Amino acid sequence: MQELNGSESKGNIGIDDVNKVDLKAHLKVESEINPKRKGPSIMAEGIALHRVVESAKPEGERICYDPYAIRFIRPEFLESFKDPVKAKAAHEQYERLFPGFGNSVRARVRFFDDFVKTALDEGIEQLVILGAGYDTRAYRIEGLKGKVKVFEVDRPETQELKIKKIKEIFGSLPDHVVYVQVDFDIETLGQKLIDSGYDRSLKSLFIMEGLVMYIPPKAVDDTLAFIVENSCLGSSVLFDYFPESVTEGTCEVGRNMKAFAEDKGEPFQFGIKEGTVKTFLAQRGFSQIQNVTSEDYKQAYDQGVNEGRTVSNLLNFVHATVDELNWHILQSTRSKRATICFLESGRIRLEP
Ligand SMILES: C[S@@+](CC[C@H](N)C(=O)[O-])C[C@H]1O[C@@H](n2cnc3c(N)ncnc32)[C@H](O)[C@@H]1O
C-alpha cells in the first residue's frame, strides 16, 4: 500500500513498473470494456499515459510528476511501450497526427497542479474536479487532505474503475474525497453534487481538465450556471478548451483529432469560437478572466533542456472568477424568484 501525497517522492517511474500492476485484476476490468462509449474512458487512460511518460523522465527534465498514473494504464498498452522501436514509432505517428499536442497536455497537467497549489495557499475550501477520470491530484497534492473536501465527478463506468484502482493503491478510499457519478450527456451536476455534501457557502475551485470538449454545449452552460449560482464569492473555474476548428474538424489537425476521438467512442461536442472565450465567460457571470495560450505555457515550462519542445496552439486554458456584481444580483433576486438572463450583448436582464 502507498501513502498519500506521493508527488513528493523523488523516485522515477519506469515503464518497467508495469510489473507492479495487478495484471489479472486489470484484465478482468478490461474484458468488460466496450471501446465505443460504454466502459471506462479511453481518453482518460490516454491522458494518464502522458503523465506516466513524463514522470519517467529525470527530475530536472520532467515538467509534471504523477507516481500513480501508471496504475491506470492497461498492462498490454504499457507492454508495447517497453519495446523502444514500437514506442518510437508510436510517438512519431502521434506527433504526425497531433503535432505538439502531447507536450501541451503535459503542460496542462503542470499548470493545473500549480493552480491547485496556489488556490490552496489562497484558502480554497472545496475542490470540485469535473470529468476527473484518473486525475490523482486529490491523492498527491500535499495540503488537500484534512483541509479541503475534494469532489471527483465522472461517468459511472470510469469512476468505478478509478475507485477500484485507488483502493488497490492505498488500501481504502481517503475520507477527504467524495465520488459523484454524473453523466453530463443525460443529467446535470447540481442536485447530485449538493446531495453529495457540496457546501454552497465555501470558497470553491472547479476544474474541468480535458472535459468540456466531450460534453454537450448545454451541459457546459448548465455547469457554469451552477457554479455562478451556487458558489460563494471568490470561487472560480479552471478549464481547457479547443477552438471550433478542432471540434468541428475544419483544420487539418482538428480533422485528425476529431476522427481519433470518434474512433474511441468519445466524440467532441463543444468548442469555443476562436478569440471569444472571454466574452463567453463574461456572458455567463464570470470576471477576472485569464486566458492562457500555448505561448504562455511554453514560456513558463519549456525552458532549458525543454526549450526545443513543440506545443500545440490549439489547446488553451482559461481561469475565471464568479463575478461579484452578478453574484450580489443573484443573491438578491433568488429570494424574489426573478430570473437573470444573460444577453448576447453581455448585459443582464431580470425577468420576473
Ligand atoms: C480526456 S479525459 C480527462 C480526464 C482527466 N480530467 C485528466 O485530465 O486526466 C475526459 C474525462 O471526461 C469524462 N467525461 C466525458 N464525457 C463525460 C460525460 N458525458 N459525463 C461525465 N464525464 C464525462 C471521461 O469519462 C473522462 O474521464
# chains A, B, ... in the order shown; residues from 1 in each chain; ligands from 1

$ residues_around --residues "Tyr297 (chain A)" --least-positions-apart "2" --cutoff "9 Å" --atoms "only C-alpha atoms" --output "mmCIF file with C-alpha atoms, in the first residue's frame"
data_model
loop_
_atom_site.group_PDB
_atom_site.id
_atom_site.type_symbol
_atom_site.label_atom_id
_atom_site.label_comp_id
_atom_site.auth_asym_id
_atom_site.auth_seq_id
_atom_site.Cartn_x
_atom_site.Cartn_y
_atom_site.Cartn_z
ATOM 1 C CA SER A 104 0.536 20.735 -24.413
ATOM 2 C CA ALA A 107 1.984 21.479 -19.661
ATOM 3 C CA ARG A 108 -1.724 21.412 -18.844
ATOM 4 C CA PHE A 111 -0.427 24.305 -14.959
ATOM 5 C CA VAL A 292 -3.528 31.021 -21.011
ATOM 6 C CA THR A 293 -2.225 30.429 -24.518
ATOM 7 C CA SER A 294 0.281 27.868 -25.755
ATOM 8 C CA GLU A 295 2.878 30.639 -25.907
ATOM 9 C CA GLN A 299 7.380 30.095 -21.920
ATOM 10 C CA ALA A 300 6.582 29.050 -18.358
ATOM 11 C CA TYR A 301 7.591 25.397 -18.549
ATOM 12 C CA ASP A 302 9.648 24.618 -21.631
ATOM 13 C CA VAL A 311 3.370 22.642 -28.219
ATOM 14 C CA ASN A 316 -5.560 26.824 -24.366
#

$ residues_near_ligand --ligand "ligand 1" --cutoff "8 Å" --atoms "only C-alpha atoms and all ligand atoms" --output "ChimeraX atom specification"
/A:40-48,109,129-135,153-155,157-159,181-186,208-212,214-216,266

$ write_last_selection --atoms "C-alpha atoms" --output "mmCIF file, in the first residue's frame"
data_model
loop_
_atom_site.group_PDB
_atom_site.id
_atom_site.type_symbol
_atom_site.label_atom_id
_atom_site.label_comp_id
_atom_site.auth_asym_id
_atom_site.auth_seq_id
_atom_site.Cartn_x
_atom_site.Cartn_y
_atom_site.Cartn_z
ATOM 1 C CA PRO A 40 -14.157 3.372 -18.762
ATOM 2 C CA SER A 41 -12.886 6.347 -20.738
ATOM 3 C CA ILE A 42 -10.111 5.548 -23.198
ATOM 4 C CA MET A 43 -9.273 9.265 -23.350
ATOM 5 C CA ALA A 44 -8.722 9.383 -19.577
ATOM 6 C CA GLU A 45 -6.303 6.498 -19.924
ATOM 7 C CA GLY A 46 -4.501 8.269 -22.789
ATOM 8 C CA ILE A 47 -4.031 11.384 -20.662
ATOM 9 C CA ALA A 48 -2.762 9.272 -17.760
ATOM 10 C CA VAL A 109 -1.132 18.902 -16.056
ATOM 11 C CA ILE A 129 -12.918 18.011 -10.241
ATOM 12 C CA LEU A 130 -15.356 17.501 -13.106
ATOM 13 C CA GLY A 131 -14.575 14.771 -15.637
ATOM 14 C CA ALA A 132 -11.928 13.663 -13.132
ATOM 15 C CA GLY A 133 -11.008 10.471 -14.987
ATOM 16 C CA TYR A 134 -7.744 9.229 -13.489
ATOM 17 C CA ASP A 135 -6.756 12.618 -12.079
ATOM 18 C CA VAL A 153 -17.209 13.747 -10.777
ATOM 19 C CA ASP A 154 -17.295 11.406 -13.768
ATOM 20 C CA ARG A 155 -19.424 8.930 -15.645
ATOM 21 C CA GLU A 157 -18.009 3.345 -15.698
ATOM 22 C CA THR A 158 -14.840 5.441 -15.469
ATOM 23 C CA GLN A 159 -15.364 6.256 -11.826
ATOM 24 C CA GLN A 181 -21.395 9.842 -10.626
ATOM 25 C CA VAL A 182 -22.806 12.170 -13.253
ATOM 26 C CA ASP A 183 -23.175 11.652 -16.993
ATOM 27 C CA PHE A 184 -23.307 15.171 -18.424
ATOM 28 C CA ASP A 185 -24.860 13.798 -21.618
ATOM 29 C CA ILE A 186 -28.044 12.975 -19.783
ATOM 30 C CA MET A 208 -12.530 20.690 -15.836
ATOM 31 C CA GLU A 209 -9.356 19.304 -17.390
ATOM 32 C CA GLY A 210 -9.936 17.757 -20.783
ATOM 33 C CA LEU A 211 -13.689 17.700 -20.236
ATOM 34 C CA VAL A 212 -15.666 20.460 -21.948
ATOM 35 C CA TYR A 214 -16.599 15.961 -24.744
ATOM 36 C CA ILE A 215 -19.882 17.208 -23.307
ATOM 37 C CA PRO A 216 -22.873 18.922 -24.952
ATOM 38 C CA GLU A 266 -15.768 9.799 -27.186
#

$ select_by_dssp --residues "region 289-320 of chain A" --states "helix (DSSP H, G or I)" --output "PyMOL selection string"
chain A and resi 294-301+304-306

$ write_last_selection --atoms "N, CA and C atoms" --output "PDB file, in the first residue's frame"
ATOM      1  N   SER A 294      -0.848  28.796 -25.642  1.00  0.00           N
ATOM      2  CA  SER A 294       0.281  27.868 -25.755  1.00  0.00           C
ATOM      3  C   SER A 294       1.608  28.609 -25.619  1.00  0.00           C
ATOM      4  N   GLU A 295       1.630  29.859 -26.067  1.00  0.00           N
ATOM      5  CA  GLU A 295       2.878  30.639 -25.907  1.00  0.00           C
ATOM      6  C   GLU A 295       3.159  30.878 -24.428  1.00  0.00           C
ATOM      7  N   ASP A 296       2.079  31.175 -23.685  1.00  0.00           N
ATOM      8  CA  ASP A 296       2.251  31.417 -22.237  1.00  0.00           C
ATOM      9  C   ASP A 296       2.815  30.187 -21.529  1.00  0.00           C
ATOM     10  N   TYR A 297       2.204  29.032 -21.800  1.00  0.00           N
ATOM     11  CA  TYR A 297       2.660  27.874 -21.021  1.00  0.00           C
ATOM     12  C   TYR A 297       3.989  27.326 -21.541  1.00  0.00           C
ATOM     13  N   LYS A 298       4.240  27.523 -22.828  1.00  0.00           N
ATOM     14  CA  LYS A 298       5.567  27.106 -23.321  1.00  0.00           C
ATOM     15  C   LYS A 298       6.654  27.923 -22.630  1.00  0.00           C
ATOM     16  N   GLN A 299       6.397  29.215 -22.557  1.00  0.00           N
ATOM     17  CA  GLN A 299       7.380  30.095 -21.920  1.00  0.00           C
ATOM     18  C   GLN A 299       7.570  29.741 -20.432  1.00  0.00           C
ATOM     19  N   ALA A 300       6.498  29.353 -19.791  1.00  0.00           N
ATOM     20  CA  ALA A 300       6.582  29.050 -18.358  1.00  0.00           C
ATOM     21  C   ALA A 300       7.321  27.745 -18.085  1.00  0.00           C
ATOM     22  N   TYR A 301       7.098  26.729 -18.917  1.00  0.00           N
ATOM     23  CA  TYR A 301       7.591  25.397 -18.549  1.00  0.00           C
ATOM     24  C   TYR A 301       8.682  24.835 -19.457  1.00  0.00           C
ATOM     25  N   GLY A 304      15.300  25.723 -20.786  1.00  0.00           N
ATOM     26  CA  GLY A 304      16.499  24.888 -20.606  1.00  0.00           C
ATOM     27  C   GLY A 304      16.462  23.662 -21.492  1.00  0.00           C
ATOM     28  N   VAL A 305      16.560  22.499 -20.859  1.00  0.00           N
ATOM     29  CA  VAL A 305      16.619  21.246 -21.616  1.00  0.00           C
ATOM     30  C   VAL A 305      15.334  21.029 -22.439  1.00  0.00           C
ATOM     31  N   ASN A 306      14.253  21.682 -22.051  1.00  0.00           N
ATOM     32  CA  ASN A 306      12.972  21.502 -22.751  1.00  0.00           C
ATOM     33  C   ASN A 306      12.653  22.604 -23.760  1.00  0.00           C
TER      34      ASN A 306
END

$ residues_around --residues "Val150 (chain A)" --least-positions-apart "2" --cutoff "8 Å" --atoms "only C-alpha atoms" --output "JSON, numbers by chain"
{"A": [126, 127, 128, 129, 138, 144, 148, 152, 176, 177, 178]}

$ residues_around --residues "Gln191 (chain A)" --least-positions-apart "5" --cutoff "12 Å" --atoms "only C-alpha atoms" --output "list in words"
Val180, Gln181, Val182, Ser196, Gly197, Tyr198, Asp199, Arg200, Asp222, Thr223, Phe226 and Asn230 of chain A

$ atom_distance --atom1 "CA of Ser204 (chain A)" --atom2 "CA of Ile124 (chain A)"
5.6 Å

$ residues_around --residues "region 235-238 of chain A" --least-positions-apart "4" --cutoff "8 Å" --atoms "only C-alpha atoms" --output "number ranges by chain"
A: 112, 124, 203-209, 227, 231, 317-322

$ write_last_selection --atoms "N, CA and C atoms" --output "PDB file, in the first residue's frame"
ATOM      1  N   PHE A 112      -2.336  23.024 -14.159  1.00  0.00           N
ATOM      2  CA  PHE A 112      -3.459  22.762 -13.258  1.00  0.00           C
ATOM      3  C   PHE A 112      -2.938  22.383 -11.858  1.00  0.00           C
ATOM      4  N   ILE A 124      -8.716  28.067  -0.665  1.00  0.00           N
ATOM      5  CA  ILE A 124      -9.936  27.379  -1.136  1.00  0.00           C
ATOM      6  C   ILE A 124     -10.350  26.342  -0.093  1.00  0.00           C
ATOM      7  N   LYS A 203     -15.616  28.586  -0.197  1.00  0.00           N
ATOM      8  CA  LYS A 203     -14.893  29.065  -1.389  1.00  0.00           C
ATOM      9  C   LYS A 203     -14.381  27.845  -2.173  1.00  0.00           C
ATOM     10  N   SER A 204     -14.782  27.771  -3.419  1.00  0.00           N
ATOM     11  CA  SER A 204     -14.522  26.540  -4.177  1.00  0.00           C
ATOM     12  C   SER A 204     -13.760  26.803  -5.467  1.00  0.00           C
ATOM     13  N   LEU A 205     -12.975  25.821  -5.850  1.00  0.00           N
ATOM     14  CA  LEU A 205     -12.356  25.828  -7.183  1.00  0.00           C
ATOM     15  C   LEU A 205     -12.921  24.636  -7.939  1.00  0.00           C
ATOM     16  N   PHE A 206     -13.450  24.909  -9.137  1.00  0.00           N
ATOM     17  CA  PHE A 206     -13.945  23.849 -10.026  1.00  0.00           C
ATOM     18  C   PHE A 206     -12.908  23.658 -11.129  1.00  0.00           C
ATOM     19  N   ILE A 207     -12.471  22.431 -11.357  1.00  0.00           N
ATOM     20  CA  ILE A 207     -11.598  22.232 -12.508  1.00  0.00           C
ATOM     21  C   ILE A 207     -12.210  21.238 -13.492  1.00  0.00           C
ATOM     22  N   MET A 208     -12.034  21.563 -14.755  1.00  0.00           N
ATOM     23  CA  MET A 208     -12.530  20.690 -15.836  1.00  0.00           C
ATOM     24  C   MET A 208     -11.349  20.533 -16.795  1.00  0.00           C
ATOM     25  N   GLU A 209     -10.554  19.524 -16.556  1.00  0.00           N
ATOM     26  CA  GLU A 209      -9.356  19.304 -17.390  1.00  0.00           C
ATOM     27  C   GLU A 209      -9.705  18.267 -18.449  1.00  0.00           C
ATOM     28  N   ILE A 227     -22.151  26.841 -11.093  1.00  0.00           N
ATOM     29  CA  ILE A 227     -21.018  27.416 -10.346  1.00  0.00           C
ATOM     30  C   ILE A 227     -21.349  28.846  -9.927  1.00  0.00           C
ATOM     31  N   SER A 231     -21.965  29.103  -5.644  1.00  0.00           N
ATOM     32  CA  SER A 231     -20.642  29.186  -5.019  1.00  0.00           C
ATOM     33  C   SER A 231     -20.568  30.490  -4.258  1.00  0.00           C
ATOM     34  N   PHE A 317      -5.909  27.244 -22.013  1.00  0.00           N
ATOM     35  CA  PHE A 317      -6.557  27.072 -20.707  1.00  0.00           C
ATOM     36  C   PHE A 317      -7.198  28.408 -20.340  1.00  0.00           C
ATOM     37  N   VAL A 318      -8.191  28.355 -19.467  1.00  0.00           N
ATOM     38  CA  VAL A 318      -8.790  29.617 -19.024  1.00  0.00           C
ATOM     39  C   VAL A 318      -9.229  29.502 -17.565  1.00  0.00           C
ATOM     40  N   HIS A 319      -9.006  30.588 -16.855  1.00  0.00           N
ATOM     41  CA  HIS A 319      -9.435  30.661 -15.456  1.00  0.00           C
ATOM     42  C   HIS A 319     -10.346  31.866 -15.299  1.00  0.00           C
ATOM     43  N   ALA A 320     -11.424  31.732 -14.530  1.00  0.00           N
ATOM     44  CA  ALA A 320     -12.349  32.846 -14.346  1.00  0.00           C
ATOM     45  C   ALA A 320     -12.983  32.753 -12.962  1.00  0.00           C
ATOM     46  N   THR A 321     -13.275  33.929 -12.408  1.00  0.00           N
ATOM     47  CA  THR A 321     -13.837  34.008 -11.055  1.00  0.00           C
ATOM     48  C   THR A 321     -15.303  34.406 -11.139  1.00  0.00           C
ATOM     49  N   VAL A 322     -16.091  33.898 -10.199  1.00  0.00           N
ATOM     50  CA  VAL A 322     -17.512  34.275 -10.143  1.00  0.00           C
ATOM     51  C   VAL A 322     -17.575  35.793  -9.957  1.00  0.00           C
TER      52      VAL A 322
END

$ residues_around --residues "Ser80 (chain A)" --least-positions-apart "5" --cutoff "10 Å" --atoms "only C-alpha atoms" --output "PyMOL selection string"
chain A and resi 15+75+85-87+90

$ residues_around --residues "Lys258 (chain A)" --least-positions-apart "2" --cutoff "10 Å" --atoms "only C-alpha atoms" --output "VMD selection string"
chain A and resid 245 to 250 252 to 256 260 to 263 266 to 269

$ atom_distance --atom1 "CA of Gln331 (chain A)" --atom2 "CA of Glu122 (chain A)"
24.1 Å

$ closest_residue --among "A:Lys264, A:Met213, A:Thr310, A:Ala225" --to "Ala282 (chain A)" --atoms "only C-alpha atoms"
A:Ala225

$ closest_residue --among "A:Asp83, A:Glu244, A:Glu92, A:Asp113" --to "Tyr65 (chain A)" --atoms "only C-alpha atoms"
A:Asp113

$ select_by_dssp --residues "region 155-187 of chain A" --states "strand (DSSP E)" --output "PyMOL selection string"
chain A and resi 177-181

$ atom_distance --atom1 "CA of Gln303 (chain A)" --atom2 "CA of Gly143 (chain A)"
28.0 Å
